[in-house]
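See below for entry_6.tsv, which holds TSV, N, CA and C atoms.
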```
chain	number	residue	atom	x	y	z
A	296	MET	N	32.03	12.60	-17.12
A	296	MET	CA	31.31	12.72	-15.88
A	296	MET	C	29.94	13.34	-16.16
A	297	ILE	N	28.90	12.73	-15.58
A	297	ILE	CA	27.54	13.22	-15.78
A	297	ILE	C	27.19	14.15	-14.63
A	298	GLU	N	26.77	15.34	-15.01
A	298	GLU	CA	26.37	16.31	-14.00
A	298	GLU	C	24.87	16.22	-13.79
A	299	ARG	N	24.47	16.08	-12.53
A	299	ARG	CA	23.04	16.00	-12.22
A	299	ARG	C	22.58	17.30	-11.60
A	300	THR	N	21.50	17.80	-12.10
A	300	THR	CA	20.95	19.05	-11.57
A	300	THR	C	19.81	18.72	-10.62
A	301	GLY	N	19.33	19.70	-9.92
A	301	GLY	CA	18.23	19.51	-8.98
A	301	GLY	C	16.91	19.22	-9.67
A	302	ASN	N	16.83	19.47	-10.97
A	302	ASN	CA	15.59	19.25	-11.70
A	302	ASN	C	15.52	17.87	-12.33
A	303	ASP	N	16.48	17.02	-12.06
A	303	ASP	CA	16.50	15.68	-12.63
A	303	ASP	C	15.36	14.86	-12.04
A	304	PRO	N	14.40	14.38	-12.86
A	304	PRO	CA	13.25	13.65	-12.31
A	304	PRO	C	13.63	12.32	-11.70
A	305	ARG	N	14.80	11.77	-12.03
A	305	ARG	CA	15.21	10.49	-11.44
A	305	ARG	C	15.56	10.63	-9.97
A	306	LEU	N	15.82	11.85	-9.53
A	306	LEU	CA	16.17	12.08	-8.14
A	306	LEU	C	14.95	12.31	-7.26
A	307	VAL	N	13.79	12.42	-7.88
A	307	VAL	CA	12.55	12.71	-7.17
A	307	VAL	C	11.79	11.40	-6.93
A	308	THR	N	11.32	11.22	-5.71
A	308	THR	CA	10.51	10.05	-5.39
A	308	THR	C	9.04	10.39	-5.58
A	309	ASN	N	8.33	9.53	-6.24
A	309	ASN	CA	6.91	9.74	-6.50
A	309	ASN	C	6.15	9.75	-5.17
A	310	SER	N	5.33	10.77	-4.97
A	310	SER	CA	4.61	10.91	-3.71
A	310	SER	C	3.55	9.82	-3.52
A	311	LYS	N	2.97	9.36	-4.61
A	311	LYS	CA	1.97	8.31	-4.49
A	311	LYS	C	2.61	6.97	-4.11
A	312	ALA	N	3.88	6.79	-4.41
A	312	ALA	CA	4.59	5.58	-3.97
A	312	ALA	C	4.75	5.59	-2.45
A	313	ILE	N	5.01	6.75	-1.90
A	313	ILE	CA	5.14	6.87	-0.44
A	313	ILE	C	3.77	6.68	0.22
A	314	ILE	N	2.73	7.21	-0.42
A	314	ILE	CA	1.37	7.00	0.10
A	314	ILE	C	1.02	5.52	0.08
A	315	THR	N	1.43	4.81	-0.98
A	315	THR	CA	1.19	3.37	-1.07
A	315	THR	C	1.83	2.64	0.09
A	316	LEU	N	3.07	2.98	0.40
A	316	LEU	CA	3.77	2.33	1.51
A	316	LEU	C	3.09	2.65	2.84
A	317	THR	N	2.69	3.89	3.03
A	317	THR	CA	2.02	4.29	4.25
A	317	THR	C	0.70	3.54	4.44
A	318	LEU	N	-0.09	3.46	3.37
A	318	LEU	CA	-1.37	2.75	3.45
A	318	LEU	C	-1.15	1.26	3.70
A	319	GLY	N	-0.10	0.69	3.09
A	319	GLY	CA	0.18	-0.72	3.30
A	319	GLY	C	0.55	-1.02	4.73
A	320	ILE	N	1.37	-0.18	5.33
A	320	ILE	CA	1.75	-0.39	6.73
A	320	ILE	C	0.55	-0.21	7.65
A	321	LEU	N	-0.26	0.80	7.37
A	321	LEU	CA	-1.45	1.02	8.19
A	321	LEU	C	-2.46	-0.12	8.05
A	322	SER	N	-2.53	-0.74	6.87
A	322	SER	CA	-3.46	-1.85	6.69
A	322	SER	C	-3.06	-3.05	7.55
A	323	LEU	N	-1.79	-3.14	7.89
A	323	LEU	CA	-1.34	-4.21	8.78
A	323	LEU	C	-1.65	-3.91	10.25
A	324	LEU	N	-1.69	-2.64	10.60
A	324	LEU	CA	-1.76	-2.25	12.01
A	324	LEU	C	-3.14	-1.86	12.51
A	325	VAL	N	-4.01	-1.39	11.64
A	325	VAL	CA	-5.31	-0.87	12.07
A	325	VAL	C	-6.37	-1.96	11.89
A	326	PRO	N	-6.99	-2.40	12.99
A	326	PRO	CA	-8.00	-3.46	12.85
A	326	PRO	C	-9.26	-2.97	12.13
A	327	PHE	N	-9.84	-3.84	11.35
A	327	PHE	CA	-11.08	-3.66	10.59
A	327	PHE	C	-10.97	-2.58	9.52
A	328	LEU	N	-10.51	-1.40	9.86
A	328	LEU	CA	-10.32	-0.33	8.87
A	328	LEU	C	-9.17	-0.66	7.93
A	329	GLY	N	-8.30	-1.57	8.35
A	329	GLY	CA	-7.16	-1.97	7.54
A	329	GLY	C	-7.55	-2.59	6.21
A	330	LEU	N	-8.72	-3.20	6.14
A	330	LEU	CA	-9.20	-3.76	4.88
A	330	LEU	C	-9.39	-2.66	3.84
A	331	ILE	N	-10.00	-1.58	4.24
A	331	ILE	CA	-10.21	-0.45	3.32
A	331	ILE	C	-8.88	0.21	2.98
A	332	LEU	N	-8.00	0.34	3.97
A	332	LEU	CA	-6.69	0.94	3.72
A	332	LEU	C	-5.86	0.08	2.77
A	333	GLY	N	-5.97	-1.24	2.90
A	333	GLY	CA	-5.25	-2.13	2.00
A	333	GLY	C	-5.73	-2.01	0.56
A	334	ILE	N	-7.03	-1.92	0.38
A	334	ILE	CA	-7.59	-1.75	-0.96
A	334	ILE	C	-7.14	-0.42	-1.55
A	335	ALA	N	-7.15	0.62	-0.72
A	335	ALA	CA	-6.67	1.94	-1.19
A	335	ALA	C	-5.19	1.87	-1.56
A	336	GLY	N	-4.40	1.09	-0.81
A	336	GLY	CA	-2.99	0.93	-1.13
A	336	GLY	C	-2.77	0.27	-2.48
A	337	VAL	N	-3.61	-0.72	-2.81
A	337	VAL	CA	-3.50	-1.38	-4.12
A	337	VAL	C	-3.85	-0.40	-5.24
A	338	VAL	N	-4.87	0.41	-5.02
A	338	VAL	CA	-5.27	1.40	-6.03
A	338	VAL	C	-4.15	2.43	-6.23
A	339	TYR	N	-3.59	2.92	-5.12
A	339	TYR	CA	-2.51	3.90	-5.23
A	339	TYR	C	-1.26	3.31	-5.87
A	340	PHE	N	-1.02	2.01	-5.68
A	340	PHE	CA	0.12	1.36	-6.34
A	340	PHE	C	-0.02	1.45	-7.85
A	341	ASN	N	-1.21	1.15	-8.35
A	341	ASN	CA	-1.43	1.20	-9.81
A	341	ASN	C	-1.27	2.62	-10.35
A	342	ILE	N	-1.77	3.60	-9.61
A	342	ILE	CA	-1.63	4.99	-10.03
A	342	ILE	C	-0.16	5.40	-10.01
A	343	ALA	N	0.56	5.05	-8.94
A	343	ALA	CA	1.97	5.43	-8.81
A	343	ALA	C	2.81	4.77	-9.90
A	344	LYS	N	2.52	3.51	-10.21
A	344	LYS	CA	3.29	2.81	-11.24
A	344	LYS	C	3.13	3.48	-12.60
A	345	LYS	N	1.92	3.89	-12.92
A	345	LYS	CA	1.68	4.59	-14.19
A	345	LYS	C	2.39	5.94	-14.22
A	346	GLU	N	2.31	6.68	-13.11
A	346	GLU	CA	2.97	7.99	-13.05
A	346	GLU	C	4.48	7.86	-13.18
A	347	MET	N	5.06	6.85	-12.51
A	347	MET	CA	6.51	6.68	-12.57
A	347	MET	C	6.96	6.29	-13.98
A	348	ALA	N	6.14	5.53	-14.68
A	348	ALA	CA	6.48	5.16	-16.05
A	348	ALA	C	6.44	6.38	-16.98
A	349	MET	N	5.50	7.29	-16.73
A	349	MET	CA	5.37	8.47	-17.59
A	349	MET	C	6.41	9.54	-17.27
A	350	THR	N	6.69	9.76	-15.99
A	350	THR	CA	7.56	10.87	-15.61
A	350	THR	C	9.01	10.47	-15.37
A	351	GLY	N	9.27	9.19	-15.16
A	351	GLY	CA	10.63	8.75	-14.87
A	351	GLY	C	11.06	8.97	-13.43
A	352	GLU	N	10.10	9.25	-12.56
A	352	GLU	CA	10.41	9.45	-11.15
A	352	GLU	C	10.82	8.12	-10.51
A	353	GLY	N	11.46	8.22	-9.37
A	353	GLY	CA	11.85	7.03	-8.62
A	353	GLY	C	10.80	6.66	-7.61
A	354	GLY	N	11.08	5.60	-6.86
A	354	GLY	CA	10.18	5.19	-5.80
A	354	GLY	C	9.49	3.86	-6.04
A	355	MET	N	9.97	3.11	-7.04
A	355	MET	CA	9.34	1.83	-7.33
A	355	MET	C	9.49	0.87	-6.15
A	356	GLY	N	10.59	0.95	-5.42
A	356	GLY	CA	10.78	0.10	-4.25
A	356	GLY	C	9.75	0.41	-3.17
A	357	PHE	N	9.47	1.69	-2.94
A	357	PHE	CA	8.44	2.08	-1.99
A	357	PHE	C	7.08	1.55	-2.43
A	358	ALA	N	6.80	1.68	-3.71
A	358	ALA	CA	5.50	1.26	-4.23
A	358	ALA	C	5.31	-0.25	-4.11
A	359	VAL	N	6.34	-1.02	-4.47
A	359	VAL	CA	6.23	-2.47	-4.40
A	359	VAL	C	6.12	-2.93	-2.94
A	360	SER	N	6.89	-2.31	-2.06
A	360	SER	CA	6.79	-2.65	-0.63
A	360	SER	C	5.40	-2.34	-0.09
A	361	GLY	N	4.85	-1.21	-0.51
A	361	GLY	CA	3.49	-0.86	-0.09
A	361	GLY	C	2.46	-1.81	-0.63
A	362	MET	N	2.66	-2.27	-1.86
A	362	MET	CA	1.73	-3.24	-2.46
A	362	MET	C	1.76	-4.56	-1.70
A	363	ILE	N	2.96	-5.02	-1.35
A	363	ILE	CA	3.09	-6.28	-0.60
A	363	ILE	C	2.44	-6.13	0.78
A	364	CYS	N	2.72	-5.02	1.46
A	364	CYS	CA	2.11	-4.80	2.78
A	364	CYS	C	0.58	-4.70	2.66
A	365	SER	N	0.10	-4.06	1.61
A	365	SER	CA	-1.35	-3.94	1.42
A	365	SER	C	-1.99	-5.31	1.21
A	366	LEU	N	-1.38	-6.14	0.38
A	366	LEU	CA	-1.94	-7.47	0.12
A	366	LEU	C	-1.92	-8.34	1.38
A	367	VAL	N	-0.83	-8.29	2.13
A	367	VAL	CA	-0.76	-9.05	3.38
A	367	VAL	C	-1.78	-8.49	4.38
A	368	GLY	N	-1.92	-7.17	4.42
A	368	GLY	CA	-2.90	-6.55	5.31
A	368	GLY	C	-4.32	-6.94	4.97
A	369	ILE	N	-4.64	-6.97	3.68
A	369	ILE	CA	-5.98	-7.38	3.25
A	369	ILE	C	-6.23	-8.82	3.68
A	370	PHE	N	-5.26	-9.70	3.46
A	370	PHE	CA	-5.40	-11.10	3.83
A	370	PHE	C	-5.62	-11.25	5.34
A	371	LEU	N	-4.81	-10.55	6.13
A	371	LEU	CA	-4.95	-10.64	7.59
A	371	LEU	C	-6.27	-10.07	8.08
A	372	GLN	N	-6.71	-8.98	7.46
A	372	GLN	CA	-7.97	-8.37	7.87
A	372	GLN	C	-9.15	-9.28	7.54
A	373	ILE	N	-9.10	-9.95	6.38
A	373	ILE	CA	-10.16	-10.89	6.03
A	373	ILE	C	-10.18	-12.05	7.02
A	374	LEU	N	-9.00	-12.56	7.37
A	374	LEU	CA	-8.95	-13.63	8.38
A	374	LEU	C	-9.50	-13.16	9.72
A	375	MET	N	-9.20	-11.94	10.10
A	375	MET	CA	-9.68	-11.41	11.37
A	375	MET	C	-11.20	-11.26	11.35
A	376	VAL	N	-11.75	-10.77	10.26
A	376	VAL	CA	-13.20	-10.62	10.17
A	376	VAL	C	-13.88	-11.98	10.19
A	377	LEU	N	-13.32	-12.96	9.46
A	377	LEU	CA	-13.90	-14.30	9.46
A	377	LEU	C	-13.80	-14.93	10.85
A	378	GLY	N	-12.69	-14.74	11.53
A	378	GLY	CA	-12.55	-15.24	12.89
A	378	GLY	C	-13.54	-14.59	13.84
A	379	PHE	N	-13.73	-13.30	13.67
A	379	PHE	CA	-14.70	-12.58	14.51
A	379	PHE	C	-16.11	-13.11	14.27
A	380	LEU	N	-16.46	-13.32	13.00
A	380	LEU	CA	-17.79	-13.84	12.68
A	380	LEU	C	-17.96	-15.27	13.21
A	381	ALA	N	-16.93	-16.09	13.09
A	381	ALA	CA	-17.02	-17.46	13.57
A	381	ALA	C	-17.16	-17.49	15.09
A	382	PHE	N	-16.42	-16.63	15.78
A	382	PHE	CA	-16.49	-16.58	17.23
A	382	PHE	C	-17.84	-16.06	17.69
A	383	SER	N	-18.36	-15.03	17.01
A	383	SER	CA	-19.65	-14.47	17.42
A	383	SER	C	-20.78	-15.43	17.14
A	384	SER	N	-20.65	-16.30	16.13
A	384	SER	CA	-21.71	-17.26	15.86
A	384	SER	C	-21.72	-18.36	16.93
A	385	LEU	N	-20.60	-18.63	17.58
A	385	LEU	CA	-20.56	-19.61	18.66
A	385	LEU	C	-21.21	-19.07	19.93
A	386	MET	N	-21.24	-17.76	20.09
A	386	MET	CA	-21.77	-17.16	21.30
A	386	MET	C	-23.30	-17.10	21.30
A	387	VAL	N	-23.94	-17.32	20.17
A	387	VAL	CA	-25.40	-17.29	20.07
A	387	VAL	C	-25.96	-18.63	20.54
A	388	PHE	N	-26.88	-18.59	21.48
A	388	PHE	CA	-27.45	-19.84	22.01
A	388	PHE	C	-28.80	-20.09	21.41
```

Using structure tokens, write down the structure from this file.
Amino acid sequence: MIERTGNDPRLVTNSKAIITLTLGILSLLVPFLGLILGIAGVVYFNIAKKEMAMTGEGGMGFAVSGMICSLVGIFLQILMVLGFLAFSSLMVF
């Protein structure tokens, strides 16, 4: 039987992985600012992945989910900005 102590790094979730997930969700929900939040989520994913590889912490599922949400958020925000620009160009007489 393996005894796990409270200091076991596998039981700890990487905080940057949680930040990645938070930024990814916000990039989906916040208009216009979501583009910046999505890019920040991608950056934090890379940082979290490196930290988890070095320390053995958990949270890869949070990080990957945040990365997917960030990429979808970036795509949606770009579409929204392009739609806004296309609509505003039609309003000019």

Local residues around (-2.5, 4.7, -1.4), at most 7 Å away, using all atoms listed in the file, as a list in words: Lys311, Ile313, Ile314, Thr315, Leu316, Thr317, Leu318, Gly319, Ile334, Ala335, Gly336, Val337, Val338, Tyr339 and Phe340 of chain A

Please return the centre and edge lengths, in Å to one decimal, of a box with edges along x, y and z that contains all listed atoms of stretch 343-354 of chain A, widened by 4 Å on every side, as AutoDock Vina command-line options.
```
--center_x 6.2 --center_y 6.8 --center_z -11.7 --size_x 19.3 --size_y 16.1 --size_z 19.8
```

DSSP-assigned alpha helix (DSSP H) members of chain A, reported as a PyMOL selection string: chain A and resi 310-324+329-350+355-385

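Take the candidates A:Ser310, A:Phe327, A:Glu352, A:Ile363 and check each one against A:Met375 using all atoms listed in the file; the shortest distance goes to A:Phe327.
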
Top pick for closest residue to A:Leu328, considering A:Ala381, A:Phe357, A:Gln372, A:Lys345 and counting only N, CA and C atoms: A:Gln372

Given all atoms listed in the file as the counted atoms, nearest of A:Ile320, A:Val307, A:Ile331, A:Leu377 to A:Ser360: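 Closest to A:Ser360 of all the choices is A:Ile320.
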
Within 8 Å of A:Ile373 using all atoms listed in the file, minus same-chain residues under 4 positions, as an MDAnalysis selection string: chainID A and resid 327 329:330 367:369 377:379
